[in-house]
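Content type PDB, C-alpha atoms, from the file work_19.pdb:
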```
ATOM      1  CA  MET A   1       6.510  -1.630 -20.019
ATOM      2  CA  SER A   2       6.524  -1.176 -16.248
ATOM      3  CA  GLN A   3       4.964  -4.620 -15.807
ATOM      4  CA  SER A   4       7.845  -6.240 -17.645
ATOM      5  CA  LYS A   5      10.374  -4.231 -15.611
ATOM      6  CA  ILE A   6       8.799  -5.051 -12.256
ATOM      7  CA  HIS A   7       8.703  -8.781 -13.038
ATOM      8  CA  LYS A   8      12.339  -8.703 -14.136
ATOM      9  CA  ALA A   9      13.381  -6.829 -11.005
ATOM     10  CA  LEU A  10      11.503  -9.287  -8.762
ATOM     11  CA  ARG A  11      13.384 -12.223 -10.240
ATOM     12  CA  LYS A  12      16.744 -10.568  -9.669
ATOM     13  CA  ARG A  13      16.475  -9.293  -6.116
ATOM     14  CA  ILE A  14      14.334  -8.586  -3.090
ATOM     15  CA  LEU A  15      12.536  -5.302  -3.727
ATOM     16  CA  VAL A  16      12.227  -2.706  -0.987
ATOM     17  CA  LEU A  17       8.949  -0.916  -0.377
ATOM     18  CA  ASP A  18       8.808   2.441   1.402
ATOM     19  CA  GLY A  19       7.858   3.101   5.027
ATOM     20  CA  ALA A  20       5.010   5.018   6.613
ATOM     21  CA  MET A  21       3.733   8.192   4.949
ATOM     22  CA  GLY A  22       1.705   9.185   8.021
ATOM     23  CA  THR A  23       4.668   8.848  10.371
ATOM     24  CA  MET A  24       6.700  11.166   8.155
ATOM     25  CA  LEU A  25       3.918  13.717   7.731
ATOM     26  CA  GLN A  26       3.610  14.028  11.521
ATOM     27  CA  ARG A  27       7.106  15.531  11.495
ATOM     28  CA  TYR A  28       5.824  18.529   9.543
ATOM     29  CA  LYS A  29       3.388  19.403  12.337
ATOM     30  CA  PHE A  30       0.895  20.742   9.795
ATOM     31  CA  THR A  31      -1.852  22.940  11.257
ATOM     32  CA  GLU A  32      -5.481  23.127  10.173
ATOM     33  CA  GLU A  33      -4.488  26.077   7.946
ATOM     34  CA  ASP A  34      -1.684  24.047   6.354
ATOM     35  CA  PHE A  35      -4.087  21.223   5.550
ATOM     36  CA  ARG A  36      -6.563  23.663   4.023
ATOM     37  CA  GLY A  37      -4.066  25.632   1.977
ATOM     38  CA  GLU A  38      -5.465  28.407  -0.196
ATOM     39  CA  ARG A  39      -7.766  26.011  -2.032
ATOM     40  CA  PHE A  40      -9.845  24.959   0.986
ATOM     41  CA  LYS A  41      -9.410  27.940   3.295
ATOM     42  CA  ASP A  42     -13.190  28.399   3.586
ATOM     43  CA  TRP A  43     -14.091  24.697   3.830
ATOM     44  CA  PRO A  44     -17.037  24.398   6.270
ATOM     45  CA  SER A  45     -15.679  21.514   8.381
ATOM     46  CA  PRO A  46     -12.240  20.661   9.882
ATOM     47  CA  VAL A  47      -9.843  18.911   7.490
ATOM     48  CA  GLN A  48      -6.778  18.416   9.701
ATOM     49  CA  GLY A  49      -5.811  14.747   9.578
ATOM     50  CA  ASN A  50      -6.946  14.272   5.980
ATOM     51  CA  ASN A  51      -3.462  13.324   4.817
ATOM     52  CA  ASP A  52      -4.541  12.419   1.284
ATOM     53  CA  MET A  53      -5.611  16.002   0.600
ATOM     54  CA  LEU A  54      -2.050  17.174   1.279
ATOM     55  CA  SER A  55      -1.251  15.942  -2.246
ATOM     56  CA  ILE A  56      -3.310  18.944  -3.376
ATOM     57  CA  THR A  57      -2.488  21.499  -0.657
ATOM     58  CA  GLN A  58       1.116  20.532   0.279
ATOM     59  CA  PRO A  59       2.481  18.646  -2.765
ATOM     60  CA  GLU A  60       6.118  19.585  -2.005
ATOM     61  CA  ALA A  61       5.941  17.776   1.343
ATOM     62  CA  ILE A  62       4.550  14.620  -0.282
ATOM     63  CA  ALA A  63       7.264  14.693  -2.970
ATOM     64  CA  ASP A  64       9.868  15.205  -0.245
ATOM     65  CA  VAL A  65       8.712  12.119   1.684
ATOM     66  CA  HIS A  66       8.830   9.985  -1.469
ATOM     67  CA  ALA A  67      12.329  11.279  -2.241
ATOM     68  CA  LYS A  68      13.542  10.456   1.278
ATOM     69  CA  TYR A  69      12.338   6.863   0.931
ATOM     70  CA  PHE A  70      13.889   6.427  -2.510
ATOM     71  CA  ALA A  71      17.152   7.898  -1.220
ATOM     72  CA  ALA A  72      17.034   5.423   1.684
ATOM     73  CA  GLY A  73      16.983   2.527  -0.795
ATOM     74  CA  ALA A  74      13.320   1.924  -1.628
ATOM     75  CA  ASP A  75      12.516   0.439  -5.036
ATOM     76  CA  ILE A  76       8.779   1.125  -4.688
ATOM     77  CA  VAL A  77       6.893   3.997  -3.042
ATOM     78  CA  GLU A  78       3.181   4.055  -2.345
ATOM     79  CA  THR A  79       1.018   6.966  -3.408
ATOM     80  CA  ASN A  80      -0.455   9.164  -0.677
ATOM     81  CA  THR A  81      -3.945   7.730  -1.252
ATOM     82  CA  PHE A  82      -4.667   5.343   1.619
ATOM     83  CA  SER A  83      -8.090   6.947   2.181
ATOM     84  CA  GLY A  84      -8.631   8.035  -1.408
ATOM     85  CA  THR A  85     -12.169   6.752  -1.948
ATOM     86  CA  THR A  86     -15.523   8.510  -1.822
ATOM     87  CA  ILE A  87     -16.402   6.219   1.105
ATOM     88  CA  ALA A  88     -13.480   7.369   3.256
ATOM     89  CA  MET A  89     -13.595  10.997   2.064
ATOM     90  CA  ALA A  90     -17.226  11.276   3.165
ATOM     91  CA  ASP A  91     -15.845  11.910   6.675
ATOM     92  CA  TYR A  92     -14.693  15.315   5.430
ATOM     93  CA  GLY A  93     -17.447  15.904   2.874
ATOM     94  CA  MET A  94     -14.755  15.859   0.184
ATOM     95  CA  GLU A  95     -16.011  13.097  -2.095
ATOM     96  CA  GLU A  96     -15.941  15.380  -5.150
ATOM     97  CA  PHE A  97     -12.123  15.648  -4.977
ATOM     98  CA  VAL A  98     -11.402  11.928  -4.991
ATOM     99  CA  TYR A  99     -10.366  11.650  -8.639
ATOM    100  CA  GLU A 100      -8.145  14.722  -8.372
ATOM    101  CA  LEU A 101      -6.369  13.697  -5.174
ATOM    102  CA  ASN A 102      -5.580  10.222  -6.549
ATOM    103  CA  TYR A 103      -4.427  11.603  -9.899
ATOM    104  CA  GLU A 104      -2.220  14.265  -8.289
ATOM    105  CA  SER A 105      -0.805  11.795  -5.761
ATOM    106  CA  ALA A 106       0.172   9.427  -8.568
ATOM    107  CA  LYS A 107       1.756  12.241 -10.602
ATOM    108  CA  ILE A 108       3.818  13.467  -7.630
ATOM    109  CA  ALA A 109       5.155   9.986  -6.846
ATOM    110  CA  LYS A 110       5.822   9.168 -10.508
ATOM    111  CA  LYS A 111       7.808  12.368 -11.057
ATOM    112  CA  VAL A 112      10.068  11.584  -8.081
ATOM    113  CA  ALA A 113      10.433   7.948  -9.222
ATOM    114  CA  GLN A 114      11.489   9.058 -12.707
ATOM    115  CA  GLU A 115      14.078  11.457 -11.274
ATOM    116  CA  PHE A 116      15.672   8.645  -9.254
ATOM    117  CA  THR A 117      15.494   6.171 -12.144
ATOM    118  CA  GLU A 118      17.289   8.650 -14.411
ATOM    119  CA  LYS A 119      20.069   9.012 -11.824
ATOM    120  CA  GLU A 120      20.354   5.229 -11.311
ATOM    121  CA  PRO A 121      19.019   3.433 -14.407
ATOM    122  CA  GLU A 122      20.294   0.095 -13.084
ATOM    123  CA  LYS A 123      17.854   0.440 -10.163
ATOM    124  CA  PRO A 124      14.491   1.434 -11.681
ATOM    125  CA  ARG A 125      12.040   2.978  -9.212
ATOM    126  CA  PHE A 126       8.348   2.098  -9.184
ATOM    127  CA  VAL A 127       5.117   3.624  -7.897
ATOM    128  CA  ALA A 128       2.348   1.557  -6.293
ATOM    129  CA  GLY A 129      -1.103   3.117  -6.235
ATOM    130  CA  ALA A 130      -2.233   2.644  -2.628
ATOM    131  CA  MET A 131      -5.838   1.525  -2.206
ATOM    132  CA  GLY A 132      -6.716   1.322   1.487
ATOM    133  CA  PRO A 133      -9.514  -0.695   3.079
ATOM    134  CA  THR A 134     -11.999   2.210   3.534
ATOM    135  CA  ASN A 135     -13.571   2.788   6.953
ATOM    136  CA  LYS A 136     -16.519   0.439   6.341
ATOM    137  CA  THR A 137     -16.735  -3.322   6.210
ATOM    138  CA  ALA A 138     -18.894  -5.389   3.874
ATOM    139  CA  SER A 139     -18.773  -8.574   5.963
ATOM    140  CA  MET A 140     -19.850  -7.399   9.392
ATOM    141  CA  SER A 141     -22.481  -5.222  10.969
ATOM    142  CA  PRO A 142     -21.350  -2.098  12.831
ATOM    143  CA  ASP A 143     -24.510  -2.450  14.945
ATOM    144  CA  VAL A 144     -24.392  -5.211  17.573
ATOM    145  CA  ASN A 145     -28.194  -5.087  17.837
ATOM    146  CA  ASP A 146     -28.657  -5.713  14.102
ATOM    147  CA  PRO A 147     -26.245  -8.413  12.873
ATOM    148  CA  GLY A 148     -27.745  -8.376   9.380
ATOM    149  CA  PHE A 149     -27.112  -4.667   8.823
ATOM    150  CA  ARG A 150     -24.308  -3.568   6.487
ATOM    151  CA  ALA A 151     -22.985  -0.003   6.312
ATOM    152  CA  VAL A 152     -21.779  -0.508   2.737
ATOM    153  CA  SER A 153     -22.612  -2.830  -0.160
ATOM    154  CA  PHE A 154     -20.254  -4.731  -2.451
ATOM    155  CA  ASP A 155     -21.412  -2.605  -5.366
ATOM    156  CA  GLU A 156     -20.791   0.674  -3.529
ATOM    157  CA  LEU A 157     -17.268  -0.502  -2.735
ATOM    158  CA  ARG A 158     -16.701  -1.644  -6.317
ATOM    159  CA  ALA A 159     -17.751   1.749  -7.708
ATOM    160  CA  ALA A 160     -15.584   3.647  -5.207
ATOM    161  CA  TYR A 161     -12.530   1.509  -5.859
ATOM    162  CA  LYS A 162     -13.008   1.718  -9.613
ATOM    163  CA  GLN A 163     -12.926   5.520  -9.498
ATOM    164  CA  GLN A 164      -9.774   5.404  -7.366
ATOM    165  CA  ALA A 165      -8.026   2.872  -9.613
ATOM    166  CA  GLU A 166      -8.882   4.896 -12.738
ATOM    167  CA  ALA A 167      -7.355   8.058 -11.310
ATOM    168  CA  LEU A 168      -4.217   6.258 -10.101
ATOM    169  CA  ILE A 169      -3.697   4.635 -13.507
ATOM    170  CA  ASP A 170      -4.303   7.965 -15.277
ATOM    171  CA  GLY A 171      -1.717   9.540 -12.974
ATOM    172  CA  GLY A 172       0.892   7.006 -14.065
ATOM    173  CA  VAL A 173       1.294   4.361 -11.338
ATOM    174  CA  ASP A 174       3.208   1.195 -12.235
ATOM    175  CA  MET A 175       1.034  -1.116 -10.140
ATOM    176  CA  LEU A 176      -1.933  -1.068  -7.776
ATOM    177  CA  LEU A 177      -1.685  -2.099  -4.129
ATOM    178  CA  VAL A 178      -4.880  -3.192  -2.367
ATOM    179  CA  GLU A 179      -3.646  -2.951   1.194
ATOM    180  CA  THR A 180      -4.292  -3.304   4.924
ATOM    181  CA  ILE A 181      -7.187  -5.637   4.161
ATOM    182  CA  PHE A 182      -9.183  -6.416   7.292
ATOM    183  CA  ASP A 183     -12.212  -7.654   5.341
ATOM    184  CA  THR A 184     -11.556  -9.818   2.280
ATOM    185  CA  LEU A 185     -14.950  -8.934   0.822
ATOM    186  CA  ASN A 186     -13.809  -5.299   0.580
ATOM    187  CA  ALA A 187     -10.663  -6.488  -1.186
ATOM    188  CA  LYS A 188     -12.703  -8.610  -3.582
ATOM    189  CA  ALA A 189     -14.700  -5.511  -4.518
ATOM    190  CA  ALA A 190     -11.439  -3.673  -5.237
ATOM    191  CA  LEU A 191     -10.046  -6.566  -7.284
ATOM    192  CA  PHE A 192     -13.317  -6.918  -9.197
ATOM    193  CA  ALA A 193     -13.217  -3.184 -10.008
ATOM    194  CA  ILE A 194      -9.604  -3.431 -11.202
ATOM    195  CA  GLU A 195     -10.377  -6.411 -13.452
ATOM    196  CA  GLU A 196     -13.364  -4.534 -14.865
ATOM    197  CA  LEU A 197     -11.145  -1.540 -15.607
ATOM    198  CA  LYS A 198      -8.437  -3.674 -17.232
ATOM    199  CA  GLU A 199     -11.026  -5.239 -19.500
ATOM    200  CA  GLU A 200     -12.637  -1.914 -20.455
ATOM    201  CA  ARG A 201      -9.318  -0.231 -21.205
ATOM    202  CA  LYS A 202      -7.653  -3.337 -22.633
ATOM    203  CA  ILE A 203      -4.652  -2.820 -20.362
ATOM    204  CA  GLU A 204      -2.557  -4.907 -17.987
ATOM    205  CA  ILE A 205      -1.351  -3.572 -14.660
ATOM    206  CA  PRO A 206       0.282  -5.560 -11.843
ATOM    207  CA  VAL A 207      -1.757  -5.855  -8.651
ATOM    208  CA  MET A 208      -0.354  -6.353  -5.157
ATOM    209  CA  VAL A 209      -2.581  -7.507  -2.300
ATOM    210  CA  SER A 210      -1.703  -7.070   1.367
ATOM    211  CA  GLY A 211      -3.902  -8.216   4.221
ATOM    212  CA  THR A 212      -3.611  -7.416   7.901
ATOM    213  CA  ILE A 213      -3.599  -9.909  10.768
ATOM    214  CA  THR A 214      -5.143  -7.859  13.539
ATOM    215  CA  ASP A 215      -3.917  -9.642  16.676
ATOM    216  CA  ALA A 216      -2.352 -12.792  18.143
ATOM    217  CA  SER A 217      -5.374 -14.855  17.032
ATOM    218  CA  GLY A 218      -3.732 -14.960  13.610
ATOM    219  CA  ARG A 219      -6.887 -13.810  11.844
ATOM    220  CA  THR A 220      -8.066 -10.811   9.884
ATOM    221  CA  LEU A 221     -10.755  -8.644  11.501
ATOM    222  CA  SER A 222     -13.436 -10.502   9.548
ATOM    223  CA  GLY A 223     -12.153 -13.807  10.964
ATOM    224  CA  GLN A 224     -10.026 -15.376   8.248
ATOM    225  CA  THR A 225      -6.788 -17.228   8.876
ATOM    226  CA  ALA A 226      -3.781 -16.470   6.653
ATOM    227  CA  GLU A 227      -4.499 -19.546   4.531
ATOM    228  CA  ALA A 228      -8.203 -18.723   4.149
ATOM    229  CA  PHE A 229      -7.283 -15.180   3.095
ATOM    230  CA  LEU A 230      -4.925 -16.543   0.460
ATOM    231  CA  ILE A 231      -7.540 -18.986  -0.868
ATOM    232  CA  SER A 232     -10.119 -16.175  -1.085
ATOM    233  CA  ILE A 233      -8.015 -14.030  -3.395
ATOM    234  CA  GLY A 234      -5.668 -16.611  -4.931
ATOM    235  CA  HIS A 235      -7.738 -17.064  -8.099
ATOM    236  CA  MET A 236      -6.958 -13.488  -9.194
ATOM    237  CA  PRO A 237      -3.984 -12.651 -11.451
ATOM    238  CA  LEU A 238      -1.782 -11.027  -8.792
ATOM    239  CA  LEU A 239       1.799  -9.816  -8.691
ATOM    240  CA  SER A 240       2.136 -10.402  -4.955
ATOM    241  CA  VAL A 241       0.310 -11.332  -1.795
ATOM    242  CA  GLY A 242       1.343 -10.655   1.780
ATOM    243  CA  PHE A 243       0.674  -8.821   5.018
ATOM    244  CA  ASN A 244       1.224  -5.380   6.493
ATOM    245  CA  CYS A 245       0.417  -3.320   9.578
ATOM    246  CA  ALA A 246      -1.056  -4.405  12.956
ATOM    247  CA  LEU A 247       1.910  -6.538  13.998
ATOM    248  CA  GLY A 248       5.658  -6.110  14.256
ATOM    249  CA  ALA A 249       8.069  -8.100  12.096
ATOM    250  CA  GLU A 250       8.595 -10.940  14.546
ATOM    251  CA  GLN A 251       4.867 -11.529  15.153
ATOM    252  CA  LEU A 252       4.195 -11.605  11.403
ATOM    253  CA  THR A 253       6.611 -14.459  10.647
ATOM    254  CA  PRO A 254       4.258 -17.484  11.005
ATOM    255  CA  TYR A 255       1.656 -15.930   8.683
ATOM    256  CA  LEU A 256       4.261 -15.176   6.031
ATOM    257  CA  GLU A 257       5.379 -18.804   6.295
ATOM    258  CA  VAL A 258       1.839 -19.888   5.444
ATOM    259  CA  VAL A 259       1.450 -17.727   2.316
ATOM    260  CA  SER A 260       5.020 -18.298   1.195
ATOM    261  CA  GLY A 261       4.574 -22.060   1.364
ATOM    262  CA  LYS A 262       1.217 -22.121  -0.419
ATOM    263  CA  SER A 263       1.451 -19.366  -3.050
ATOM    264  CA  ASP A 264       3.031 -19.013  -6.490
ATOM    265  CA  PHE A 265       2.772 -15.218  -6.236
ATOM    266  CA  ALA A 266       5.585 -13.025  -4.981
ATOM    267  CA  VAL A 267       5.272 -12.526  -1.208
ATOM    268  CA  SER A 268       5.344  -9.074   0.395
ATOM    269  CA  ALA A 269       5.633  -7.913   3.993
ATOM    270  CA  TYR A 270       5.659  -4.471   5.528
ATOM    271  CA  PRO A 271       5.206  -4.766   9.288
ATOM    272  CA  ASN A 272       4.984  -2.001  11.851
ATOM    273  CA  ALA A 273       8.035  -0.853  13.807
ATOM    274  CA  GLY A 274       7.082  -3.248  16.589
ATOM    275  CA  LEU A 275       3.919  -2.885  18.640
ATOM    276  CA  PRO A 276       2.758   0.553  19.845
ATOM    277  CA  ASN A 277       3.597   1.683  23.383
ATOM    278  CA  ALA A 278       1.060   3.036  25.893
ATOM    279  CA  PHE A 279       1.011   6.356  24.009
ATOM    280  CA  GLY A 280       0.379   4.735  20.630
ATOM    281  CA  GLU A 281       3.937   5.431  19.479
ATOM    282  CA  TYR A 282       6.440   3.027  17.951
ATOM    283  CA  ASP A 283       9.774   2.598  19.706
ATOM    284  CA  GLU A 284      11.469  -0.083  17.629
ATOM    285  CA  THR A 285      14.711   1.178  16.111
ATOM    286  CA  ALA A 286      15.812   0.583  12.535
ATOM    287  CA  GLU A 287      18.435  -1.907  13.739
ATOM    288  CA  GLU A 288      15.958  -3.833  15.894
ATOM    289  CA  MET A 289      13.479  -4.102  13.044
ATOM    290  CA  ALA A 290      16.119  -5.185  10.528
ATOM    291  CA  ALA A 291      17.318  -7.899  12.931
ATOM    292  CA  GLN A 292      13.803  -9.368  13.036
ATOM    293  CA  ILE A 293      13.374  -9.153   9.259
ATOM    294  CA  LYS A 294      16.564 -11.203   8.867
ATOM    295  CA  ILE A 295      14.429 -14.236   9.833
ATOM    296  CA  TYR A 296      12.301 -13.706   6.688
ATOM    297  CA  LEU A 297      15.463 -13.661   4.601
ATOM    298  CA  ASP A 298      17.084 -16.682   6.214
ATOM    299  CA  LYS A 299      13.876 -18.644   5.594
ATOM    300  CA  LYS A 300      13.468 -17.264   2.040
ATOM    301  CA  LEU A 301       9.916 -16.110   2.773
ATOM    302  CA  ILE A 302       9.719 -12.824   0.861
ATOM    303  CA  ASN A 303      10.202 -10.995  -2.430
ATOM    304  CA  ILE A 304       9.114  -7.508  -1.341
ATOM    305  CA  ILE A 305       9.847  -5.929   2.056
ATOM    306  CA  GLY A 306       9.062  -2.542   3.587
ATOM    307  CA  GLY A 307       7.590  -0.892   6.645
ATOM    308  CA  CYS A 308       4.206   0.263   7.914
ATOM    309  CA  CYS A 309       3.260   2.314  11.017
ATOM    310  CA  GLY A 310       6.168   3.921  12.833
ATOM    311  CA  THR A 311       8.731   3.231  10.108
ATOM    312  CA  THR A 312      10.911   5.990   8.659
ATOM    313  CA  PRO A 313      13.637   6.330   6.009
ATOM    314  CA  GLU A 314      16.082   5.157   8.701
ATOM    315  CA  HIS A 315      14.189   1.860   9.006
ATOM    316  CA  ILE A 316      13.990   1.460   5.229
ATOM    317  CA  HIS A 317      17.705   2.181   4.841
ATOM    318  CA  ALA A 318      18.592  -0.517   7.394
ATOM    319  CA  ILE A 319      16.298  -2.995   5.623
ATOM    320  CA  ALA A 320      17.648  -2.088   2.165
ATOM    321  CA  GLU A 321      21.227  -2.611   3.331
ATOM    322  CA  LEU A 322      20.307  -5.964   4.868
ATOM    323  CA  VAL A 323      18.526  -7.441   1.824
ATOM    324  CA  LYS A 324      21.404  -6.691  -0.549
ATOM    325  CA  ASP A 325      23.139  -9.842   0.678
ATOM    326  CA  TYR A 326      20.157 -12.164   0.156
ATOM    327  CA  GLU A 327      18.540 -13.953  -2.746
ATOM    328  CA  PRO A 328      14.775 -13.437  -3.180
ATOM    329  CA  ARG A 329      12.301 -16.187  -2.476
ATOM    330  CA  PRO A 330      12.228 -18.403  -5.607
ATOM    331  CA  LEU A 331       9.353 -17.725  -8.000
ATOM    332  CA  PRO A 332       7.834 -20.184 -10.473
ATOM    333  CA  GLU A 333       8.653 -19.996 -14.161
ATOM    334  CA  LEU A 334       7.214 -17.065 -16.105
ATOM    335  CA  ASN A 335       3.485 -17.475 -16.620
ATOM    336  CA  GLU A 336       1.848 -16.770 -19.968
ATOM    337  CA  ALA A 337       0.833 -13.211 -19.038
ATOM    338  CA  GLU A 338       4.395 -12.292 -18.049
ATOM    339  CA  ALA A 339       5.975 -14.049 -20.987
ATOM    340  CA  ALA A 340       3.715 -12.192 -23.428
ATOM    341  CA  ILE A 341       4.976  -8.769 -22.304
TER     342      ILE A 341
END
```
How does the structure come out when it is put into C-alpha cells?
Amino acid sequence: MSQSKIHKALRKRILVLDGAMGTMLQRYKFTEEDFRGERFKDWPSPVQGNNDMLSITQPEAIADVHAKYFAAGADIVETNTFSGTTIAMADYGMEEFVYELNYESAKIAKKVAQEFTEKEPEKPRFVAGAMGPTNKTASMSPDVNDPGFRAVSFDELRAAYKQQAEALIDGGVDMLLVETIFDTLNAKAALFAIEELKEERKIEIPVMVSGTITDASGRTLSGQTAEAFLISIGHMPLLSVGFNCALGAEQLTPYLEVVSGKSDFAVSAYPNAGLPNAFGEYDETAEEMAAQIKIYLDKKLINIIGGCCGTTPEHIHAIAELVKDYEPRPLPELNEAEAAI
C-alpha cells in the first residue's frame, strides 16, 4: 500500500525529506551515561557517539526529532540507522544488537509518521529505512602498501545489509534508502541484498539510492563521475536516485543536472548546509540554503529534496515552504510494477 501512496505523492508534488539526525542529537548534549542508559550501563567500552543505539536507550529523543521534522513540513523521515550494520557496529562491539536497533528505529519513526498522517490525511507521511555506507570500502585498499588488500568482501557487505534491511522492513518502513554512497560496490551489495530479500519474502518495497560527490572533482570517493554512478546502479528497479552530503546545495547542482537529464527515476537531493567552517560546523542559514535550492526548482531537476549535515527543522521548513509553489520534475508514465499496485 505504501508503495502505491509514495508513487502517487511523487507525481503530485515535490516531496520533502528530513534534515540531519546527528545535528539535532548534538543539541541534547547526551553524556556517556545517557548513551548507555540502564541497558548498557556496564558495557566494557565507551559508547558515546553511537547515535543509532539511542533508539534503544533514548527513544523519546529520537521520536522528538522525527516529530520536529514532520512538523517543519517533511513528507519523509529517515530512520536513525545510518550505522546500523554489524560492520559499523563492530567499532563498539555491539554487533549482536543490530537487528534490534534497526527494528526499534523503524517502529519509532513509523509511530510518529502515523500520528502525523492521522492529523493530516491529505499529506501522508513516510518512513525511509536509512542504510549508510558502512566504514569500509569494497573497491579500495585501506593499506597504501598493499593495493590488492580489501578490508571487507562483497559477500560480507551483502549479509550485513540483508540483516539491516530485514529489520527495517519488519519494523514497518515504507521504503529503503541506500545513502551517502562513496563506493558503488558497497551500494551494489546493499541492492543485491534487498533484491534477494524481496524475492524470498515475495514483497515489493521502494528503494531510494543516494550517492555522495566527495569534492570539486565531481567524483565519488571510489572515482566515479555522476554519470558513471548512475549507469552502475541504473539497471535496478529504483524509486529514486540522487546525491546527498559532502557538498552544499550550490556545488551539487551540476551533478543533479547529469542524473536528472539521464534518468527515468525520481531524482533526490539532500545537500549539507553549505561547506563546514574551520571548526567543522555549518553556518548556512535556512534562508541561504533555500535560495540555492531554488535553482533546482527553476531547472526542474528534482522530485525529492531535504538536508544533510548541519540542517535542522528550520532549514526543512524553509525548503518545504519554497517547494509548495513548484511542480515536480516530470516523471515517465507509470511502469508495469507501479501500475500493478
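In terms of minimum interatomic distance to Glu204 of chain A, A:Ile169 ranks closest within A:Ile87, A:Asp325, A:Ile169, A:Thr134, counting only C-alpha atoms.
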Please, what distance in Å, to one decimal, runs between atom CA of Gln114 of chain A and atom CA of Gly73 of chain A?
14.7 Å
Distance criterion (all atoms listed in the file): nearest to Lys68 of chain A out of A:Glu327, A:Glu95, A:Asp170, A:Asp18:
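Ranked by minimum distance to Lys68 of chain A, first place goes to A:Asp18.
Counting only C-alpha atoms, the residue from A:Asp64, A:Glu38, A:Asp52, A:Glu227 that sits nearest to Lys262 of chain A is A:Glu227.
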d(atom CA of Leu230 of chain A, atom CA of Lys299 of chain A) in Å
19.6 Å
Out of A:Asn272, A:Asn102, A:Thr311, A:Asn303, which residue has the shortest atom-to-atom distance to Ala246 of chain A when counting only C-alpha atoms?
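Of all the options, A:Asn272 lies closest to Ala246 of chain A.
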Quick one: of A:Val16, A:Ala159, A:Ala88, A:Leu275, who's nearest to Asp75 of chain A, counting all atoms listed in the file?
A:Val16
From A:Val152, A:Val173, A:Ile316, A:Ile14, residue lying nearest Val207 of chain A [only C-alpha atoms]
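Among the listed residues, the smallest separation from Val207 of chain A belongs to A:Val173.
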The residues within 12 Å of (-8.5, -14.8, 2.7), using all atoms listed in the file and the coordinates of the file, should be reported as a PyMOL selection string; which are they?
chain A and resi 181-188+209-213+218-235+241-243+255+258-259
In the coordinates of the file, take the point (-1.0, 8.7, -3.2) and a cut-off of 9 Å; then, counting all atoms listed in the file, name each qualifying protein, DNA or RNA residue as a ChimeraX atom specification.
/A:52,55,62,78-82,84,101-109,128-131,168
Have a look at atom CA of Val77 of chain A and atom CA of Glu284 of chain A and let me know their distance in Å, one decimal.
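Interatomic distance, atom CA of Val77 of chain A to atom CA of Glu284 of chain A: 21.6 Å.
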Check what the PyMOL selection byres ((chain A and resi 245) around 7) selects in the file above and give those residues as a ChimeraX atom specification.
/A:180,212,244,246-247,270-272,308-309
For Arg125 of chain A: contacts at 12 Å, only C-alpha atoms, fewer than 3 positions along chain excluded, given as a compact mmCIF listing (two decimals) with C-alpha atoms, in the coordinates of the input:
```txt
# COMPACT_ATOMS: atom_id res chain seq x y z
CA SER A 2 6.52 -1.18 -16.25
CA LYS A 5 10.37 -4.23 -15.61
CA ILE A 6 8.80 -5.05 -12.26
CA ALA A 9 13.38 -6.83 -11.00
CA LEU A 15 12.54 -5.30 -3.73
CA VAL A 16 12.23 -2.71 -0.99
CA LEU A 17 8.95 -0.92 -0.38
CA ASP A 18 8.81 2.44 1.40
CA HIS A 66 8.83 9.98 -1.47
CA ALA A 67 12.33 11.28 -2.24
CA TYR A 69 12.34 6.86 0.93
CA PHE A 70 13.89 6.43 -2.51
CA ALA A 71 17.15 7.90 -1.22
CA GLY A 73 16.98 2.53 -0.80
CA ALA A 74 13.32 1.92 -1.63
CA ASP A 75 12.52 0.44 -5.04
CA ILE A 76 8.78 1.12 -4.69
CA VAL A 77 6.89 4.00 -3.04
CA GLU A 78 3.18 4.06 -2.35
CA ALA A 109 5.16 9.99 -6.85
CA LYS A 110 5.82 9.17 -10.51
CA LYS A 111 7.81 12.37 -11.06
CA VAL A 112 10.07 11.58 -8.08
CA ALA A 113 10.43 7.95 -9.22
CA GLN A 114 11.49 9.06 -12.71
CA GLU A 115 14.08 11.46 -11.27
CA PHE A 116 15.67 8.64 -9.25
CA THR A 117 15.49 6.17 -12.14
CA GLU A 118 17.29 8.65 -14.41
CA LYS A 119 20.07 9.01 -11.82
CA GLU A 120 20.35 5.23 -11.31
CA PRO A 121 19.02 3.43 -14.41
CA GLU A 122 20.29 0.10 -13.08
CA ALA A 128 2.35 1.56 -6.29
CA VAL A 173 1.29 4.36 -11.34
CA ASP A 174 3.21 1.20 -12.24
CA MET A 175 1.03 -1.12 -10.14
```
Can you translate the PyMOL selection byres ((chain A and resi 162) around 8) into the concrete residues it hits in this file, as a list in words?
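When the PyMOL selection byres ((chain A and resi 162) around 8) is applied, the selected residues are Arg158, Ala159, Ala160, Tyr161, Gln163, Gln164, Ala165, Glu166, Ala190, Ala193, Ile194 and Leu197 of chain A.
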Find the residues near Thr23 of chain A: any atom within 12 Å, counting only C-alpha atoms, skip ones fewer than 4 places away on the same chain, and give them as a list in words.
Asp18, Gly19, Arg27, Tyr28, Lys29, Asn51, Val65, Asn272, Ala273, Gly280, Glu281, Tyr282, Gly307, Cys308, Cys309, Gly310, Thr311, Thr312, Pro313 and His315 of chain A
Same residues, C-alpha atoms, saved as an mmCIF file, in the coordinates of the input:
```cif
data_model
loop_
_atom_site.group_PDB
_atom_site.id
_atom_site.type_symbol
_atom_site.label_atom_id
_atom_site.label_comp_id
_atom_site.auth_asym_id
_atom_site.auth_seq_id
_atom_site.Cartn_x
_atom_site.Cartn_y
_atom_site.Cartn_z
ATOM 1 C CA ASP A 18 8.808 2.441 1.402
ATOM 2 C CA GLY A 19 7.858 3.101 5.027
ATOM 3 C CA ARG A 27 7.106 15.531 11.495
ATOM 4 C CA TYR A 28 5.824 18.529 9.543
ATOM 5 C CA LYS A 29 3.388 19.403 12.337
ATOM 6 C CA ASN A 51 -3.462 13.324 4.817
ATOM 7 C CA VAL A 65 8.712 12.119 1.684
ATOM 8 C CA ASN A 272 4.984 -2.001 11.851
ATOM 9 C CA ALA A 273 8.035 -0.853 13.807
ATOM 10 C CA GLY A 280 0.379 4.735 20.630
ATOM 11 C CA GLU A 281 3.937 5.431 19.479
ATOM 12 C CA TYR A 282 6.440 3.027 17.951
ATOM 13 C CA GLY A 307 7.590 -0.892 6.645
ATOM 14 C CA CYS A 308 4.206 0.263 7.914
ATOM 15 C CA CYS A 309 3.260 2.314 11.017
ATOM 16 C CA GLY A 310 6.168 3.921 12.833
ATOM 17 C CA THR A 311 8.731 3.231 10.108
ATOM 18 C CA THR A 312 10.911 5.990 8.659
ATOM 19 C CA PRO A 313 13.637 6.330 6.009
ATOM 20 C CA HIS A 315 14.189 1.860 9.006
#
```
